[in-house]
Each structure stands twice: as structure tokens, then as C-alpha cells.
Amino acid sequence: MKAAVITKSGGPEVLEIRDVQRPAPNADEVLVRVHASALNRADLLQRRGRYPAPPGAPADIPGIEFAGEIVELGSAVRGWRVGQRVFGLVGGGAQAEYLVAHARTIAEIPERLSWTDAAAVPEAFITAHDALVTQAELRPSERVLIHAVASGVGLAAVQLVRAMSAIPYGTSRTPAKISRAREHGLEDGLVLSGDPRPLVERARAWGGGTGMHVVLELVGGAYVPASLATLGTRGRLILIGTMAGASSELDLGLVLRNRLRIVGTALRSRPLGEKIAATRAFAEQVVPLLARGLVHPVVDRVFPLAEIRAAHERLESNETVGKVVVTV
């Protein structure tokens with residue numbers, strides 16, 4: 001099969017399209033013919049040698065989310081059939097013509113979604129849903145602050161917050177990205193170009209002086225203490241990303257006084273049982289919303305697999321709104 005291969009650590013130029021051996025499913029796995037795969041920061045980090053694939057995943061083929069059709073079932077698989085359209089998350093290997101996935105970590109694609117749209121769903125919507133529902137226990141009418149609001153996860157979160165009758169606010173680097181996020185339900189936004197301190201005053205205004213209930217922290221670094229300062233009593237900060245740095249200085253007194261919760265979350269490193277639980281919750285609660293068109297993926301740009309280097313360059317540009325998708 002054809003696959004994008006990381007030949008060594010480095011920039012996009014280290015990616016090559018090569019013929020590699022097609023995988024075979026174990027008893028509890030399905031073999032999927034991949035039609036599209038969206039890119040993620042994890043792919044960039046893996047290519048740079050800073051985020052190795054977990055055990056059992058291809059070490060040199062990037063890609064953690066996919067949309068495709070089942071072409072073979074493992075001997076113990078029940079409930080699926082050859083030909084079904086499915087999407088999901090894997091530890092790696094999705095930027096290839098075929099992959100294997102555990103049968104309980106996939107979900108059926110709604111008919112209304114194309115391959116490219118479906119590929120833009122799993123990482124963004126599973127991450128956002130898990131953060132908002134499982135981790136933050138979001139309730140109707142609560143206010144949610146979403147950093148990097150024009151990212152794939154950010155835009156998925158905006159829509160899910162609205163679907164749950166809560167109120168999404170957000171930050172981004174440019175006014176254009178805030179405007180694009182408004183098209184998908186953002187209540188209001190703030191442009192932050194590096195210094196997060198203006199955020200605290202704006203969030204107080206948004207909350208009428210009582211602050212945010214939940215913050216989805218996708219940036220990290222200096223944003224974390226500012227995010228904590230926006231939270232009201234019993235607020236919850238869900239730490240998802242650290243693009244701006246993995247270290248912060250926190251006011252622990254603030255955490256204690258306001259009885260704040262700080263929860264770190266990552267999907268790729270979770271044990272299988274937790275991945276299955278996150279996928280089942282997504283299939284039961286989010287896929288019906290996708291099927292009805294109440295939420296939808298946002299695709300920034302589509303590239304063929306042969307242009308995988310250009311796809312990586314596009315994601316690294318930080319100019320994207322939504323997901324970069326590769327067709328296979």
C-alpha cells in the first residue's frame with residue numbers, strides 16, 4: 001500500500017510517499033481502507049521526533065484520525081460488516097491506504113458526511129466532547145472560554161457548547177479567526193497576540209463579574225494563570241494543549257480560595273478501555289448531532305496524499321481555520 005513515511009526527524013521535507021506492507025487485523029480489529037485523514041499537531045511533533053507513536057502503532061507513518069470503509073473483520077469482531085463507512089482515532093498510521101483499528105474505537109459515519117468532512121471529525125469532536133462533558137461536566141447556561149477557538153477542537157467545542165445550551169467565548173490570534181468562529185456560534189471573542197493579561201478583564205465583563213465556569217486551555221504557557229484568573233467559584237480548567245509552553249507559574253491561593261479544578265487530558269496516551277469509553281460516548285451523543293446537521297466539521301483545506309509535505313506546511317503556518325485534510 002501507499003503511505004506517508006517519516007524518513008527521519010525534521011521538517012516536511014523528510015516525508016515521502018512509499019510502498020509499505022499492508023497491515024493485517026488481529027482478532028478484535030478491523031482493516032479499514034482509508035479515504036481521508038486529517039492532520040493534527042501530534043503529526044507535526046512526531047515528524048520532528050518529539051512525540052513518538054505509542055506501542056503497537058506504526059513508528060514512521062503519521063496520522064491519528066481517519067475516515068474509510070471496513071474491508072476485513074478480525075475473527076472476534078461482532079457488530080460490524082464489510083463495507084460500512086467508519087471513522088475514529090488510532091495511535092498512528094492513518095496517512096496510508098489501509099490501517100487497522102480496534103473494533104470498539106470506531107463509529108459509523110452519518111450518510112450526510114463526505115469522506116473529507118468525516119475525516120475532520122474524530123480528533124476535534126471526541127476531544128471537545130470528552131473535555132466538556134466527561135471532564136468538565138458542563139451544564140446548560142454555563143459560560144465556556146475556549147482558547148485557539150478557530151482550531152479544529154476549538155470550533156468543535158463552540159458548536160457542542162451551543163448544542164448543550166451553554167455559552168461559548170473564545171480567543172485567537174487574529175480578528176479574522178474570531179469572525180470565522182462567530183459563524184459557528186461563538187458569542188464573543190478576544191484577539192490575543194501573545195500577552196494574555198487583557199483576557200482577565202474581558203472575561204469578567206463577559207461573566208458580569210462572576211467569571212467563567214469552564215476554560216478549555218489549548219495553548220498553555222502564560223495563558224494558564226490568566227485562564228485560572230477568569231474562572232469563578234468552582235470553575236474548571238481543562239488543559240488540552242501546550243503550544244505556548246509546558247510550564248506555568250500558578251497562584252495556588254487562587255485555586256484554593258475559589259475551589260478550582262485543573263484537569264489534564266490527552267486521548268492518544270490513554271489505555272484502551274478509556275479510549276473505548278470516549279468513542280462510545282462520542283457515538284451515542286455527538287454522531288446523532290452530526291447526522292442531523294446540528295454540528296458539523298470545519299475543513300480548512302484538502303490535499304492529496306501525494307502533497308503531504310504541503311499539507312504539513314499548511315498546518316504549521318498557523319493560518320488554518322478548522323482542519324487540514326489529506327485524501328488517500
# chains A, B, ... in the order shown; residues from 1 in each chain; ligands from 1

call {"tool": "residues_around", "arguments": {"residues": "Trp206 of chain A", "least_positions_apart": "5", "cutoff": "12 Å", "atoms": "only C-alpha atoms", "output": "PyMOL selection string"}}
result
chain A and resi 142-145+167-170+187-190+199-201+211-213+230-232

call {"tool": "write_last_selection", "arguments": {"atoms": "N, CA and C atoms", "output": "tab-separated table (two decimals), in the first residue's frame"}}
result
chain	number	residue	atom	x	y	z
A	142	GLU	N	-24.03	27.59	31.38
A	142	GLU	CA	-22.70	27.93	31.85
A	142	GLU	C	-21.90	28.61	30.74
A	143	ARG	N	-20.92	29.42	31.16
A	143	ARG	CA	-20.06	30.13	30.22
A	143	ARG	C	-18.74	29.36	30.05
A	144	VAL	N	-18.32	29.20	28.80
A	144	VAL	CA	-17.12	28.44	28.48
A	144	VAL	C	-16.17	29.32	27.68
A	145	LEU	N	-14.94	29.41	28.14
A	145	LEU	CA	-13.88	30.13	27.42
A	145	LEU	C	-13.03	29.11	26.69
A	167	ILE	N	-22.84	28.79	26.79
A	167	ILE	CA	-22.44	29.99	26.05
A	167	ILE	C	-20.93	29.98	25.80
A	168	PRO	N	-20.50	29.94	24.53
A	168	PRO	CA	-19.07	29.88	24.22
A	168	PRO	C	-18.45	31.26	23.95
A	169	TYR	N	-17.32	31.50	24.57
A	169	TYR	CA	-16.47	32.65	24.30
A	169	TYR	C	-15.12	32.12	23.86
A	170	GLY	N	-14.30	32.96	23.22
A	170	GLY	CA	-13.04	32.42	22.73
A	170	GLY	C	-11.98	33.45	22.49
A	187	GLU	N	-20.15	33.37	20.90
A	187	GLU	CA	-20.87	34.52	21.46
A	187	GLU	C	-20.05	35.79	21.34
A	188	ASP	N	-18.79	35.73	21.74
A	188	ASP	CA	-17.90	36.89	21.65
A	188	ASP	C	-16.47	36.37	21.76
A	189	GLY	N	-15.51	37.20	21.29
A	189	GLY	CA	-14.13	36.75	21.30
A	189	GLY	C	-13.17	37.88	21.56
A	190	LEU	N	-11.94	37.52	21.85
A	190	LEU	CA	-10.87	38.48	22.13
A	190	LEU	C	-9.63	38.07	21.35
A	199	LEU	N	-7.08	39.36	28.94
A	199	LEU	CA	-8.13	38.37	28.99
A	199	LEU	C	-8.94	38.45	30.27
A	200	VAL	N	-8.29	38.71	31.40
A	200	VAL	CA	-8.96	38.64	32.69
A	200	VAL	C	-10.07	39.68	32.78
A	201	GLU	N	-9.76	40.92	32.37
A	201	GLU	CA	-10.78	41.97	32.43
A	201	GLU	C	-11.93	41.67	31.49
A	211	GLY	N	-17.23	35.64	36.34
A	211	GLY	CA	-16.23	34.79	35.71
A	211	GLY	C	-16.79	33.66	34.88
A	212	MET	N	-15.85	32.90	34.32
A	212	MET	CA	-16.19	31.75	33.50
A	212	MET	C	-16.45	30.53	34.39
A	213	HIS	N	-17.24	29.61	33.86
A	213	HIS	CA	-17.45	28.35	34.56
A	213	HIS	C	-16.43	27.29	34.12
A	230	THR	N	-9.69	33.92	35.19
A	230	THR	CA	-11.00	34.20	34.61
A	230	THR	C	-12.10	33.37	35.23
A	231	LEU	N	-11.75	32.33	35.96
A	231	LEU	CA	-12.74	31.39	36.48
A	231	LEU	C	-13.43	31.92	37.73
A	232	GLY	N	-14.70	31.64	37.83
A	232	GLY	CA	-15.43	31.95	39.04
A	232	GLY	C	-15.33	30.81	40.03

call {"tool": "residues_around", "arguments": {"residues": "Leu252 of chain A", "least_positions_apart": "4", "cutoff": "12 Å", "atoms": "only C-alpha atoms", "output": "PyMOL selection string"}}
result
chain A and resi 225+228-229+248+256-262

call {"tool": "write_last_selection", "arguments": {"atoms": "N, CA, C and O atoms", "output": "compact mmCIF listing (two decimals), in the first residue's frame"}}
result
# COMPACT_ATOMS: atom_id res chain seq x y z
N PRO A 225 -2.13 30.74 33.89
CA PRO A 225 -2.51 31.56 35.04
C PRO A 225 -3.58 32.59 34.70
O PRO A 225 -4.46 32.87 35.53
N LEU A 228 -6.90 30.74 34.71
CA LEU A 228 -7.38 30.48 36.08
C LEU A 228 -8.01 31.73 36.67
O LEU A 228 -9.02 31.64 37.38
N ALA A 229 -7.44 32.88 36.36
CA ALA A 229 -7.96 34.13 36.91
C ALA A 229 -9.32 34.51 36.32
O ALA A 229 -10.04 35.34 36.88
N SER A 248 4.17 26.77 33.68
CA SER A 248 3.47 27.98 34.09
C SER A 248 3.67 28.16 35.59
O SER A 248 3.89 27.20 36.34
N LEU A 256 -7.14 27.55 45.67
CA LEU A 256 -7.73 27.13 46.94
C LEU A 256 -8.96 27.96 47.29
O LEU A 256 -10.01 27.41 47.66
N ARG A 257 -8.82 29.29 47.18
CA ARG A 257 -9.93 30.17 47.58
C ARG A 257 -11.18 29.93 46.75
O ARG A 257 -12.30 29.93 47.29
N ASN A 258 -10.99 29.76 45.46
CA ASN A 258 -12.14 29.62 44.56
C ASN A 258 -12.52 28.16 44.30
O ASN A 258 -13.41 27.88 43.52
N ARG A 259 -11.81 27.26 44.98
CA ARG A 259 -12.09 25.81 44.85
C ARG A 259 -12.12 25.39 43.39
O ARG A 259 -13.05 24.74 42.91
N LEU A 260 -11.06 25.77 42.67
CA LEU A 260 -10.96 25.50 41.24
C LEU A 260 -10.47 24.08 40.98
O LEU A 260 -9.78 23.49 41.81
N ARG A 261 -10.85 23.54 39.84
CA ARG A 261 -10.36 22.23 39.39
C ARG A 261 -9.50 22.43 38.15
O ARG A 261 -9.90 23.13 37.22
N ILE A 262 -8.33 21.78 38.15
CA ILE A 262 -7.46 21.77 36.98
C ILE A 262 -7.33 20.32 36.53
O ILE A 262 -6.87 19.46 37.29

call {"tool": "closest_residue", "arguments": {"among": "A:Gln46, A:Asn26, A:Thr116, A:Asn40", "to": "Gly68 of chain A", "atoms": "only C-alpha atoms"}}
result
A:Thr116

call {"tool": "closest_residue", "arguments": {"among": "A:Val299, A:Val161, A:Pro140, A:Gly208", "to": "Gly185 of chain A", "atoms": "only C-alpha atoms"}}
result
A:Val161

call {"tool": "atom_distance", "arguments": {"atom1": "atom CA of Ala119 of chain A", "atom2": "atom CA of Leu155 of chain A"}}
result
15.0 Å

call {"tool": "residues_around", "arguments": {"residues": "Gly152 of chain A", "least_positions_apart": "4", "cutoff": "8 Å", "atoms": "only C-alpha atoms", "output": "PDB file with N, CA and C atoms, in the first residue's frame"}}
result
ATOM      1  N   ALA A 120     -12.452  15.041   9.247  1.00  0.00           N
ATOM      2  CA  ALA A 120     -12.206  16.208  10.089  1.00  0.00           C
ATOM      3  C   ALA A 120     -12.932  16.133  11.429  1.00  0.00           C
ATOM      4  N   ALA A 124     -11.189  16.268  16.704  1.00  0.00           N
ATOM      5  CA  ALA A 124     -11.761  17.519  17.185  1.00  0.00           C
ATOM      6  C   ALA A 124     -12.975  17.281  18.073  1.00  0.00           C
ATOM      7  N   ALA A 156     -15.121  22.789  17.122  1.00  0.00           N
ATOM      8  CA  ALA A 156     -15.996  21.706  17.582  1.00  0.00           C
ATOM      9  C   ALA A 156     -16.563  22.049  18.956  1.00  0.00           C
ATOM     10  N   PRO A 297     -18.279  19.442  10.943  1.00  0.00           N
ATOM     11  CA  PRO A 297     -16.835  19.664  10.889  1.00  0.00           C
ATOM     12  C   PRO A 297     -16.522  20.894  10.044  1.00  0.00           C
ATOM     13  N   VAL A 298     -15.386  21.501  10.320  1.00  0.00           N
ATOM     14  CA  VAL A 298     -14.921  22.656   9.550  1.00  0.00           C
ATOM     15  C   VAL A 298     -13.598  22.274   8.900  1.00  0.00           C
ATOM     16  N   VAL A 321      -8.119  27.650   9.685  1.00  0.00           N
ATOM     17  CA  VAL A 321      -9.379  27.719  10.411  1.00  0.00           C
ATOM     18  C   VAL A 321     -10.046  26.362  10.225  1.00  0.00           C
ATOM     19  N   GLY A 322     -10.076  25.561  11.272  1.00  0.00           N
ATOM     20  CA  GLY A 322     -10.569  24.190  11.139  1.00  0.00           C
ATOM     21  C   GLY A 322      -9.447  23.237  10.775  1.00  0.00           C
ATOM     22  N   LYS A 323      -9.802  22.158  10.081  1.00  0.00           N
ATOM     23  CA  LYS A 323      -8.890  21.048   9.887  1.00  0.00           C
ATOM     24  C   LYS A 323      -8.277  21.003   8.485  1.00  0.00           C
TER      25      LYS A 323
END
